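Q: Can you keep this structure in mind? I'll have questions shortly.
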Amino acid sequence: MTEGWLYKILPAARWADAAREGRVPEAEVDVRDGFLHLSDATQVRETARRHFAGQRGLVLVTLDPARFAQGTLRWEPSRGGALFPHVHGAVPLAAVVRVDPLEPDGDDFAFPAHAGA
């Protein structure tokens, strides 16, 4: 697992619910699985390609895990056995560092510079 910021990709329309809900909103997959799926800087680009290819109107939510409730962040096996950050509980809006548009750029996405390589 890597240190540093974590990332959540959401449709912009879903992100618009954050203020009303008072927390980082879940995507459908999060509700289904019972936890919030996140990625670290080494994983987020592949997550975007695999799960959001061709989609428009997305946002990249950058999160500071130091602001999560204690004990809610777990690194658990996922894609190919790699450990991914999952949050079992709500992620407060205070954990949001920034929100950037995430739009397609050819076969990839145009990531902000801070989102790793």
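In the structure tokens, chains take letters A, B, ... by order of appearance, with residues numbered from 1 within each chain and ligands from 1 in the order shown.
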Using only C-alpha atoms, which residues sit within 10 Å of Pro101 in chain A once same-chain residues fewer than 3 positions away are excluded, as a list of chain:residue names?

A: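 Near neighbours after the sequence-gap exclusion: A:Ile9, A:Leu10, A:Pro11, A:Ala12, A:Arg56, A:Gly57, A:Leu58, A:Val59, A:Leu60, A:Val61, A:Pro104, A:Ala110, A:Phe111, A:Pro112.
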
Q: Range 38-103 of chain A: which residues are alpha helix (DSSP H) by DSSP, as a list in words?

A: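 DSSP-assigned alpha helix (DSSP H) residues in range 38-103 of chain A: Val44, Arg45, Glu46, Thr47, Ala48, Arg49, Arg50, His51 and Phe52 of chain A.
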
Q: Grab the residues selected above and save them as a PDB file, in the first residue's frame with C-alpha atoms.

A:
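Output file result-v7.pdb follows:
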```pdb
ATOM      1  CA  VAL A  44      -6.396   5.357 -10.078  1.00  0.00           C
ATOM      2  CA  ARG A  45      -5.563   5.517 -13.794  1.00  0.00           C
ATOM      3  CA  GLU A  46      -6.188   1.809 -14.299  1.00  0.00           C
ATOM      4  CA  THR A  47      -9.384   2.058 -12.257  1.00  0.00           C
ATOM      5  CA  ALA A  48     -10.577   4.824 -14.590  1.00  0.00           C
ATOM      6  CA  ARG A  49      -9.729   2.803 -17.713  1.00  0.00           C
ATOM      7  CA  ARG A  50     -11.357  -0.400 -16.461  1.00  0.00           C
ATOM      8  CA  HIS A  51     -14.512   0.951 -14.874  1.00  0.00           C
ATOM      9  CA  PHE A  52     -15.199   4.325 -16.497  1.00  0.00           C
TER      10      PHE A  52
END
```

Q: Pull the strand (DSSP E or B) assignments for chain A out of DSSP run on the backbone, and list those residues as a short mmCIF file (atom, residue, chain, number, x, y, z; two decimals) with C-alpha atoms, in the first residue's frame.

A:
```cif
data_model
loop_
_atom_site.label_atom_id
_atom_site.label_comp_id
_atom_site.auth_asym_id
_atom_site.auth_seq_id
_atom_site.Cartn_x
_atom_site.Cartn_y
_atom_site.Cartn_z
CA LEU A 6 -6.54 8.50 -2.11
CA TYR A 7 -8.98 8.94 -4.98
CA LYS A 8 -12.65 8.36 -5.72
CA ILE A 9 -14.10 8.66 -9.23
CA LEU A 10 -17.76 9.64 -9.34
CA PRO A 11 -20.25 10.98 -11.85
CA ARG A 23 -20.22 13.03 3.24
CA LEU A 36 -16.45 2.76 -0.52
CA HIS A 37 -14.02 1.73 -3.26
CA SER A 39 -7.67 3.94 -5.37
CA ASP A 40 -4.22 5.22 -4.52
CA LEU A 58 -16.90 12.45 -14.08
CA VAL A 59 -15.03 14.00 -11.19
CA LEU A 60 -11.89 12.89 -9.40
CA VAL A 61 -12.27 13.41 -5.66
CA THR A 62 -8.91 13.64 -3.88
CA LEU A 63 -9.04 12.51 -0.26
CA LEU A 73 -9.82 2.46 6.06
CA ARG A 74 -8.79 -1.08 5.16
CA TRP A 75 -6.39 -2.25 2.45
CA GLU A 76 -8.03 -5.34 1.00
CA PRO A 77 -7.28 -7.67 -1.93
CA LEU A 83 -4.40 -4.33 -2.08
CA PHE A 84 -6.89 -1.51 -2.60
CA PRO A 85 -8.12 1.07 -0.10
CA HIS A 86 -11.70 0.47 0.99
CA VAL A 87 -13.59 2.56 3.52
CA PRO A 92 -16.55 13.08 5.82
CA VAL A 96 -11.84 16.12 0.59
CA VAL A 97 -8.65 17.86 -0.54
CA ARG A 98 -9.94 18.85 -3.99
CA VAL A 99 -12.35 17.86 -6.74
CA ASP A 100 -11.31 17.97 -10.39
CA PRO A 101 -13.17 17.21 -13.61
CA LEU A 102 -12.08 13.92 -15.14
CA PRO A 104 -11.80 11.38 -21.55
CA ASP A 105 -8.61 12.08 -23.47
CA ASP A 108 -7.42 7.48 -21.45
CA PHE A 109 -8.46 10.33 -19.18
#
```

Q: Compare A:Ala41, A:Thr72, A:Trp15, A:Gly80 by their minimum atom-to-atom distance to Ala113 in chain A, counting only C-alpha atoms, and give me the closest one.

A: A:Ala41

Q: What does the distance between CA of Gly4 in chain A and CA of Asp33 in chain A come to in Å, to one decimal place?

A: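 So the two atoms, CA of Gly4 in chain A and CA of Asp33 in chain A, lie 24.4 Å apart.
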
Q: Ranking A:Val29, A:Ala13, A:Gly54, A:Gln43 by minimum distance to Asp107 in chain A and counting only C-alpha atoms, which one comes first?

A: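 The answer is A:Gly54, which sits nearest to Asp107 in chain A.
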
Q: Report, in Å with one decimal, the straight-line distance from CA of Glu103 in chain A to CA of Thr42 in chain A.

A: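 Pair CA of Glu103 in chain A / CA of Thr42 in chain A returns 18.8 Å.
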
Q: One number please: CA of Ala69 in chain A to CA of Pro25 in chain A, in Å, one decimal.

A: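 Computed distance, CA of Ala69 in chain A to CA of Pro25 in chain A, equals 15.6 Å.
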